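Structure file start.txt; described as compact mmCIF, N, CA and C atoms and all ligand atoms.
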# COMPACT_ATOMS: atom_id res chain seq x y z
N MET A 532 20.21 11.30 -0.10
CA MET A 532 20.41 9.86 -0.29
C MET A 532 19.32 9.30 -1.20
N ALA A 533 19.70 8.52 -2.17
CA ALA A 533 18.73 7.94 -3.10
C ALA A 533 17.88 6.89 -2.40
N LYS A 534 16.62 6.88 -2.72
CA LYS A 534 15.74 5.86 -2.14
C LYS A 534 15.83 4.61 -3.00
N PRO A 535 15.94 3.44 -2.34
CA PRO A 535 16.03 2.21 -3.13
C PRO A 535 14.73 1.99 -3.91
N ALA A 536 14.86 1.65 -5.18
CA ALA A 536 13.67 1.38 -5.99
C ALA A 536 13.04 0.07 -5.53
N ILE A 537 11.74 -0.04 -5.73
CA ILE A 537 11.07 -1.30 -5.40
C ILE A 537 11.52 -2.36 -6.40
N PRO A 538 12.01 -3.51 -5.91
CA PRO A 538 12.43 -4.56 -6.84
C PRO A 538 11.27 -4.98 -7.75
N LYS A 539 11.58 -5.21 -9.04
CA LYS A 539 10.54 -5.59 -10.03
C LYS A 539 9.75 -6.81 -9.56
N LYS A 540 10.47 -7.74 -8.94
CA LYS A 540 9.85 -8.97 -8.44
C LYS A 540 8.77 -8.65 -7.41
N THR A 541 9.06 -7.67 -6.54
CA THR A 541 8.10 -7.28 -5.50
C THR A 541 6.88 -6.62 -6.13
N VAL A 542 7.11 -5.75 -7.11
CA VAL A 542 5.99 -5.09 -7.79
C VAL A 542 5.07 -6.15 -8.42
N ALA A 543 5.68 -7.14 -9.08
CA ALA A 543 4.90 -8.20 -9.72
C ALA A 543 4.08 -8.97 -8.69
N LEU A 544 4.67 -9.22 -7.54
CA LEU A 544 4.01 -9.96 -6.46
C LEU A 544 2.80 -9.18 -5.95
N VAL A 545 2.99 -7.87 -5.77
CA VAL A 545 1.92 -7.00 -5.23
C VAL A 545 0.76 -6.91 -6.24
N LEU A 546 1.10 -6.76 -7.52
CA LEU A 546 0.06 -6.65 -8.55
C LEU A 546 -0.74 -7.96 -8.62
N GLU A 547 -0.04 -9.08 -8.49
CA GLU A 547 -0.72 -10.38 -8.54
C GLU A 547 -1.63 -10.55 -7.32
N ARG A 548 -1.11 -10.21 -6.15
CA ARG A 548 -1.89 -10.35 -4.91
C ARG A 548 -3.19 -9.55 -4.99
N ASP A 549 -3.12 -8.35 -5.57
CA ASP A 549 -4.28 -7.46 -5.60
C ASP A 549 -5.10 -7.62 -6.88
N GLY A 550 -4.86 -8.70 -7.60
CA GLY A 550 -5.67 -9.01 -8.77
C GLY A 550 -5.47 -8.05 -9.93
N GLY A 551 -4.35 -7.33 -9.90
CA GLY A 551 -4.05 -6.40 -10.98
C GLY A 551 -4.94 -5.17 -10.99
N LEU A 552 -5.67 -4.95 -9.89
CA LEU A 552 -6.61 -3.82 -9.83
C LEU A 552 -6.08 -2.70 -8.95
N CYS A 553 -6.48 -1.48 -9.28
CA CYS A 553 -6.11 -0.33 -8.46
C CYS A 553 -6.86 -0.39 -7.14
N ILE A 554 -6.12 -0.36 -6.04
CA ILE A 554 -6.73 -0.47 -4.72
C ILE A 554 -7.06 0.93 -4.15
N LEU A 555 -6.43 1.95 -4.69
CA LEU A 555 -6.65 3.30 -4.15
C LEU A 555 -8.05 3.81 -4.50
N ARG A 556 -8.39 3.84 -5.80
CA ARG A 556 -9.72 4.25 -6.28
C ARG A 556 -10.13 5.61 -5.72
N ILE A 557 -9.26 6.57 -5.80
CA ILE A 557 -9.58 7.89 -5.23
C ILE A 557 -9.76 8.95 -6.29
N SER A 558 -9.44 8.64 -7.54
CA SER A 558 -9.61 9.64 -8.60
C SER A 558 -10.79 9.25 -9.46
N PRO A 559 -11.60 10.25 -9.89
CA PRO A 559 -12.69 9.95 -10.83
C PRO A 559 -12.15 9.41 -12.14
N ASP A 560 -10.86 9.64 -12.39
CA ASP A 560 -10.23 9.16 -13.62
C ASP A 560 -9.47 7.85 -13.42
N CYS A 561 -9.73 7.18 -12.29
CA CYS A 561 -9.06 5.90 -12.00
C CYS A 561 -9.15 4.97 -13.21
N LEU A 562 -8.01 4.34 -13.54
CA LEU A 562 -7.96 3.47 -14.71
C LEU A 562 -8.52 2.07 -14.42
N GLY A 563 -8.70 1.77 -13.14
CA GLY A 563 -9.20 0.45 -12.76
C GLY A 563 -8.08 -0.57 -12.62
N TYR A 564 -7.26 -0.65 -13.65
CA TYR A 564 -6.14 -1.60 -13.60
C TYR A 564 -4.90 -0.95 -13.01
N ALA A 565 -4.15 -1.73 -12.25
CA ALA A 565 -2.96 -1.21 -11.59
C ALA A 565 -1.74 -1.39 -12.46
N SER A 566 -0.85 -0.43 -12.38
CA SER A 566 0.40 -0.53 -13.13
C SER A 566 1.61 -0.31 -12.24
N CYS A 567 1.37 0.04 -10.97
CA CYS A 567 2.51 0.28 -10.07
C CYS A 567 2.15 -0.16 -8.65
N ALA A 568 3.17 -0.19 -7.81
CA ALA A 568 2.98 -0.50 -6.40
C ALA A 568 3.13 0.80 -5.61
N ASP A 569 2.11 1.12 -4.81
CA ASP A 569 2.08 2.38 -4.07
C ASP A 569 2.47 2.14 -2.62
N HIS A 570 3.34 3.01 -2.09
CA HIS A 570 3.76 2.88 -0.69
C HIS A 570 2.65 3.30 0.26
N ARG A 571 2.35 2.47 1.26
CA ARG A 571 1.32 2.81 2.24
C ARG A 571 1.83 3.93 3.14
N ALA A 572 3.11 3.96 3.43
CA ALA A 572 3.69 5.02 4.26
C ALA A 572 4.65 5.85 3.42
N ASN A 573 4.58 7.14 3.63
CA ASN A 573 5.52 8.03 2.96
C ASN A 573 6.93 7.70 3.43
N ARG A 574 7.85 7.56 2.49
CA ARG A 574 9.21 7.15 2.87
C ARG A 574 9.99 8.25 3.56
N GLY A 575 9.58 9.49 3.33
CA GLY A 575 10.26 10.59 3.99
C GLY A 575 11.75 10.62 3.68
N SER A 576 12.52 11.05 4.65
CA SER A 576 13.96 11.15 4.43
C SER A 576 14.68 10.07 5.22
N GLY A 577 15.94 9.89 4.91
CA GLY A 577 16.75 8.93 5.67
C GLY A 577 16.88 7.61 4.97
N GLY A 578 17.76 6.78 5.46
CA GLY A 578 18.06 5.50 4.82
C GLY A 578 17.16 4.40 5.28
N ALA A 579 17.60 3.17 5.09
CA ALA A 579 16.87 1.97 5.49
C ALA A 579 15.50 1.91 4.84
N GLY A 580 15.37 2.59 3.69
CA GLY A 580 14.09 2.59 2.99
C GLY A 580 13.67 1.23 2.50
N GLN A 581 14.60 0.30 2.44
CA GLN A 581 14.28 -1.04 1.95
C GLN A 581 13.21 -1.69 2.83
N ALA A 582 13.19 -1.35 4.12
CA ALA A 582 12.17 -1.90 5.02
C ALA A 582 10.77 -1.53 4.56
N LEU A 583 10.66 -0.43 3.81
CA LEU A 583 9.35 0.02 3.34
C LEU A 583 9.03 -0.50 1.95
N ASN A 584 9.91 -1.35 1.42
CA ASN A 584 9.66 -1.95 0.11
C ASN A 584 9.20 -3.39 0.22
N GLN A 585 8.75 -3.79 1.43
CA GLN A 585 8.20 -5.13 1.61
C GLN A 585 6.78 -5.16 1.02
N PRO A 586 6.32 -6.34 0.56
CA PRO A 586 4.96 -6.43 0.01
C PRO A 586 3.88 -5.92 0.97
N SER A 587 4.09 -6.08 2.29
CA SER A 587 3.09 -5.62 3.26
C SER A 587 2.97 -4.10 3.27
N MET A 588 3.98 -3.43 2.75
CA MET A 588 3.99 -1.96 2.74
C MET A 588 3.43 -1.39 1.46
N LEU A 589 3.02 -2.25 0.52
CA LEU A 589 2.68 -1.80 -0.83
C LEU A 589 1.29 -2.27 -1.24
N VAL A 590 0.58 -1.42 -1.98
CA VAL A 590 -0.69 -1.83 -2.59
C VAL A 590 -0.64 -1.49 -4.08
N ALA A 591 -1.39 -2.26 -4.87
CA ALA A 591 -1.44 -2.03 -6.31
C ALA A 591 -2.21 -0.74 -6.59
N ALA A 592 -1.73 0.02 -7.55
CA ALA A 592 -2.38 1.30 -7.88
C ALA A 592 -2.22 1.61 -9.36
N CYS A 593 -3.16 2.41 -9.87
CA CYS A 593 -2.98 2.92 -11.23
C CYS A 593 -2.19 4.22 -11.13
N GLY A 594 -1.63 4.66 -12.24
CA GLY A 594 -0.79 5.85 -12.23
C GLY A 594 -1.56 7.10 -11.85
N ILE A 595 -2.86 7.15 -12.21
CA ILE A 595 -3.67 8.34 -11.92
C ILE A 595 -3.88 8.49 -10.41
N CYS A 596 -4.31 7.41 -9.76
CA CYS A 596 -4.57 7.47 -8.31
C CYS A 596 -3.26 7.62 -7.53
N ASN A 597 -2.21 7.00 -8.03
CA ASN A 597 -0.89 7.13 -7.40
C ASN A 597 -0.49 8.60 -7.33
N GLY A 598 -0.72 9.32 -8.43
CA GLY A 598 -0.41 10.75 -8.47
C GLY A 598 -1.34 11.56 -7.59
N ALA A 599 -2.64 11.17 -7.58
CA ALA A 599 -3.62 11.89 -6.76
C ALA A 599 -3.28 11.74 -5.28
N LYS A 600 -2.84 10.54 -4.90
CA LYS A 600 -2.48 10.30 -3.50
C LYS A 600 -1.29 11.18 -3.10
N ALA A 601 -0.33 11.27 -4.01
CA ALA A 601 0.84 12.11 -3.75
C ALA A 601 0.44 13.57 -3.57
N ASP A 602 -0.69 13.96 -4.20
CA ASP A 602 -1.19 15.34 -4.06
C ASP A 602 -2.06 15.51 -2.82
N GLY A 603 -2.26 14.42 -2.05
CA GLY A 603 -3.03 14.53 -0.80
C GLY A 603 -4.52 14.31 -0.95
N VAL A 604 -4.95 13.78 -2.12
CA VAL A 604 -6.37 13.52 -2.33
C VAL A 604 -6.84 12.39 -1.41
N ALA A 605 -8.01 12.57 -0.78
CA ALA A 605 -8.66 11.53 0.04
C ALA A 605 -7.74 10.98 1.14
N ARG A 606 -6.92 11.84 1.69
CA ARG A 606 -5.95 11.39 2.70
C ARG A 606 -6.63 10.69 3.88
N ASP A 607 -7.70 11.30 4.41
CA ASP A 607 -8.38 10.73 5.58
C ASP A 607 -9.01 9.37 5.25
N GLU A 608 -9.60 9.30 4.05
CA GLU A 608 -10.23 8.04 3.66
C GLU A 608 -9.18 6.94 3.53
N LEU A 609 -8.04 7.26 2.96
CA LEU A 609 -6.99 6.26 2.77
C LEU A 609 -6.43 5.80 4.11
N LEU A 610 -6.33 6.71 5.08
CA LEU A 610 -5.86 6.32 6.42
C LEU A 610 -6.89 5.41 7.08
N ARG A 611 -8.17 5.76 6.92
CA ARG A 611 -9.24 4.95 7.53
C ARG A 611 -9.24 3.54 6.96
N ARG A 612 -8.99 3.43 5.66
CA ARG A 612 -8.99 2.11 5.00
C ARG A 612 -7.69 1.36 5.21
N GLY A 613 -6.73 1.96 5.87
CA GLY A 613 -5.45 1.28 6.10
C GLY A 613 -4.56 1.28 4.87
N VAL A 614 -5.02 1.90 3.79
CA VAL A 614 -4.22 1.97 2.57
C VAL A 614 -3.02 2.88 2.79
N SER A 615 -3.24 3.94 3.58
CA SER A 615 -2.14 4.81 3.98
C SER A 615 -1.85 4.60 5.46
N LEU A 616 -0.60 4.79 5.82
CA LEU A 616 -0.17 4.67 7.21
C LEU A 616 0.61 5.91 7.60
N LEU A 617 0.41 6.35 8.84
CA LEU A 617 1.27 7.42 9.33
C LEU A 617 2.62 6.81 9.65
N PRO A 618 3.71 7.47 9.28
CA PRO A 618 5.03 6.91 9.57
C PRO A 618 5.32 6.93 11.07
N ASP A 619 5.96 5.88 11.55
CA ASP A 619 6.39 5.82 12.95
C ASP A 619 7.79 6.45 13.05
N SER A 620 8.41 6.36 14.21
CA SER A 620 9.69 7.04 14.42
C SER A 620 10.83 6.42 13.61
N THR A 621 10.71 5.15 13.28
CA THR A 621 11.72 4.52 12.42
C THR A 621 11.02 3.74 11.31
N HIS A 622 11.74 3.47 10.20
CA HIS A 622 11.16 2.70 9.11
C HIS A 622 10.75 1.31 9.61
N ARG A 623 11.54 0.75 10.52
CA ARG A 623 11.25 -0.59 10.99
C ARG A 623 9.93 -0.62 11.77
N LYS A 624 9.71 0.41 12.61
CA LYS A 624 8.45 0.49 13.35
C LYS A 624 7.28 0.70 12.40
N THR A 625 7.50 1.50 11.36
CA THR A 625 6.44 1.72 10.38
C THR A 625 6.11 0.40 9.68
N ALA A 626 7.14 -0.40 9.38
CA ALA A 626 6.93 -1.68 8.72
C ALA A 626 6.12 -2.62 9.62
N LEU A 627 6.38 -2.57 10.93
CA LEU A 627 5.62 -3.40 11.87
C LEU A 627 4.16 -2.94 11.94
N ARG A 628 3.98 -1.62 11.90
CA ARG A 628 2.63 -1.06 11.92
C ARG A 628 1.83 -1.56 10.71
N ALA A 629 2.50 -1.67 9.58
CA ALA A 629 1.82 -2.14 8.36
C ALA A 629 1.30 -3.56 8.55
N LEU A 630 2.05 -4.39 9.27
CA LEU A 630 1.66 -5.79 9.44
C LEU A 630 0.42 -5.93 10.32
N VAL A 631 0.21 -4.99 11.24
CA VAL A 631 -0.92 -5.11 12.17
C VAL A 631 -2.10 -4.22 11.76
N THR A 632 -1.95 -3.50 10.64
CA THR A 632 -3.03 -2.65 10.16
C THR A 632 -3.64 -3.25 8.90
N PRO A 633 -4.86 -3.76 8.98
CA PRO A 633 -5.46 -4.36 7.78
C PRO A 633 -5.85 -3.30 6.75
N VAL A 634 -5.98 -3.74 5.51
CA VAL A 634 -6.35 -2.86 4.40
C VAL A 634 -7.76 -3.21 3.92
N GLU A 635 -8.61 -2.17 3.83
CA GLU A 635 -9.95 -2.37 3.27
C GLU A 635 -9.86 -2.19 1.76
N TYR A 636 -10.19 -3.26 1.02
CA TYR A 636 -10.14 -3.23 -0.44
C TYR A 636 -11.43 -2.61 -1.00
N PRO A 637 -11.39 -2.16 -2.26
CA PRO A 637 -12.58 -1.56 -2.87
C PRO A 637 -13.79 -2.50 -2.84
N SER A 638 -13.55 -3.81 -2.77
CA SER A 638 -14.63 -4.79 -2.70
C SER A 638 -15.34 -4.75 -1.35
N GLY A 639 -14.74 -4.04 -0.36
CA GLY A 639 -15.31 -4.00 0.98
C GLY A 639 -14.72 -5.06 1.89
N ARG A 640 -13.95 -5.99 1.31
CA ARG A 640 -13.29 -7.03 2.12
C ARG A 640 -12.00 -6.45 2.70
N THR A 641 -11.61 -6.98 3.86
CA THR A 641 -10.47 -6.44 4.58
C THR A 641 -9.42 -7.53 4.78
N PHE A 642 -8.17 -7.17 4.52
CA PHE A 642 -7.09 -8.15 4.58
C PHE A 642 -5.87 -7.59 5.32
N TYR A 643 -5.19 -8.49 6.05
CA TYR A 643 -3.83 -8.20 6.51
C TYR A 643 -2.88 -8.54 5.36
N LEU A 644 -1.94 -7.65 5.09
CA LEU A 644 -0.94 -7.90 4.05
C LEU A 644 0.30 -8.47 4.71
N LEU A 645 0.80 -9.57 4.15
CA LEU A 645 1.96 -10.25 4.74
C LEU A 645 3.20 -10.01 3.89
N ASP A 646 4.35 -10.22 4.53
CA ASP A 646 5.61 -9.90 3.85
C ASP A 646 6.00 -10.91 2.78
N ASP A 647 5.30 -12.05 2.73
CA ASP A 647 5.63 -13.02 1.68
C ASP A 647 4.82 -12.75 0.41
N GLY A 648 4.07 -11.63 0.41
CA GLY A 648 3.32 -11.29 -0.79
C GLY A 648 1.92 -11.87 -0.82
N THR A 649 1.52 -12.52 0.29
CA THR A 649 0.15 -13.02 0.37
C THR A 649 -0.66 -12.10 1.28
N ARG A 650 -1.95 -12.36 1.41
CA ARG A 650 -2.82 -11.57 2.29
C ARG A 650 -3.77 -12.52 3.01
N GLU A 651 -4.23 -12.08 4.17
CA GLU A 651 -5.07 -12.94 5.00
C GLU A 651 -6.34 -12.16 5.34
N GLU A 652 -7.49 -12.73 4.97
CA GLU A 652 -8.74 -11.98 5.18
C GLU A 652 -9.09 -11.87 6.65
N VAL A 653 -9.58 -10.69 7.04
CA VAL A 653 -10.06 -10.46 8.39
C VAL A 653 -11.52 -10.86 8.41
N LYS A 654 -11.84 -11.86 9.21
CA LYS A 654 -13.23 -12.35 9.31
C LYS A 654 -13.87 -11.77 10.56
N ASN A 655 -15.15 -11.45 10.44
CA ASN A 655 -15.89 -11.05 11.63
C ASN A 655 -16.14 -12.27 12.48
N GLU A 656 -16.11 -12.10 13.79
CA GLU A 656 -16.26 -13.21 14.71
C GLU A 656 -17.68 -13.75 14.72
N ASP A 657 -18.68 -12.89 14.48
CA ASP A 657 -20.07 -13.33 14.61
C ASP A 657 -20.62 -13.95 13.35
ZN ZN B 701 -6.81 4.15 -9.61

Could you rewrite the structure in this file as structure tokens?
Ligand SMILES: [Zn+2]
Amino acid sequence: MAKPAIPKKTVALVLERDGGLCILRISPDCLGYASCADHRANRGSGGAGQALNQPSMLVAACGICNGAKADGVARDELLRRGVSLLPDSTHRKTALRALVTPVEYPSGRTFYLLDDGTREEVKNED
């Protein structure tokens, strides 16, 4: 079954939200600027992939880091930063997991990604 492509509008929203910068930053050859939207969770097999094409499921990435991630580079670091997510039993559960898992940006700031294409900073209580 073909996986639904990420709508161009969604890619534009994600790139704008992330300031046009690569959020992965895992390759020494990182371009700095993002040109694509990277899935936080591997889509795996099966349908209903559209649930994984929400802005909350995507981060801005450059083509180099996008490829490095697909090769398994810095997998543990990406999971720790919330940039990558382990898939749940269904796409819908994985999408919910994305909403409650904040992403640590290269700046060191941490944000919850929302489905409307915005993000909300996680503030320390103290
Ligand atoms: Zn990069």

Quick one: residues within 12 Å of A:Gln585, only C-alpha atoms, excluding same-chain residues fewer than 4 positions away - as a ChimeraX atom specification?
/A:535-542,544-545,568-572,579-581,589-590,622-623,625-627,629-630,644-649

Would you list the residues that come within 5 Å of ligand ZN 701 (chain B)? Count all atoms listed in the file and give the answer as a list in words.
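So the residues close to ligand ZN 701 (chain B) are Cys553, Arg556, Cys561, Leu562, Gly563, Cys593 and Cys596 of chain A.
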
Select from chain A everything DSSP, run on the backbone, classes as strand (DSSP E or B), then give the selection as a PyMOL selection string.
chain A and resi 552+564+567-570+572+589-592+616+634-635+641-644+650-652

Using all atoms listed in the file, which residue out of A:Gly603, A:Thr641, A:Leu616, A:Leu583 lies closest to A:Lys654?
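Selected residue with least distance to A:Lys654: A:Thr641.
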
Give me, please, the distance in Å between atom CA of A:Glu635 and atom CA of A:Asp619, quoted to one decimal.
20.7 Å

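Residue nearest A:Leu555, chosen from A:Lys624, A:Ala592, A:Arg640, A:Ala543 and counting only N, CA and C atoms: A:Ala592.
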
Between atom N of A:Ala599 and atom N of A:Glu652, what distance in Å does the model show, to one decimal?
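Rounded to one decimal, the two atoms are 27.4 Å apart.
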
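Rounded to one decimal, atom CA of A:Thr621 and atom CA of A:Ala582 lie 9.8 Å from each other.
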
What residues in stretch 565-636 of chain A get the DSSP label helix (DSSP H, G or I)? Please answer as JSON, numbers by chain.
{"A": [580, 581, 582, 583, 584, 586, 587, 588, 594, 595, 596, 597, 598, 599, 600, 601, 606, 607, 608, 609, 610, 611, 622, 623, 624, 625, 626, 627, 628, 629, 630, 631]}
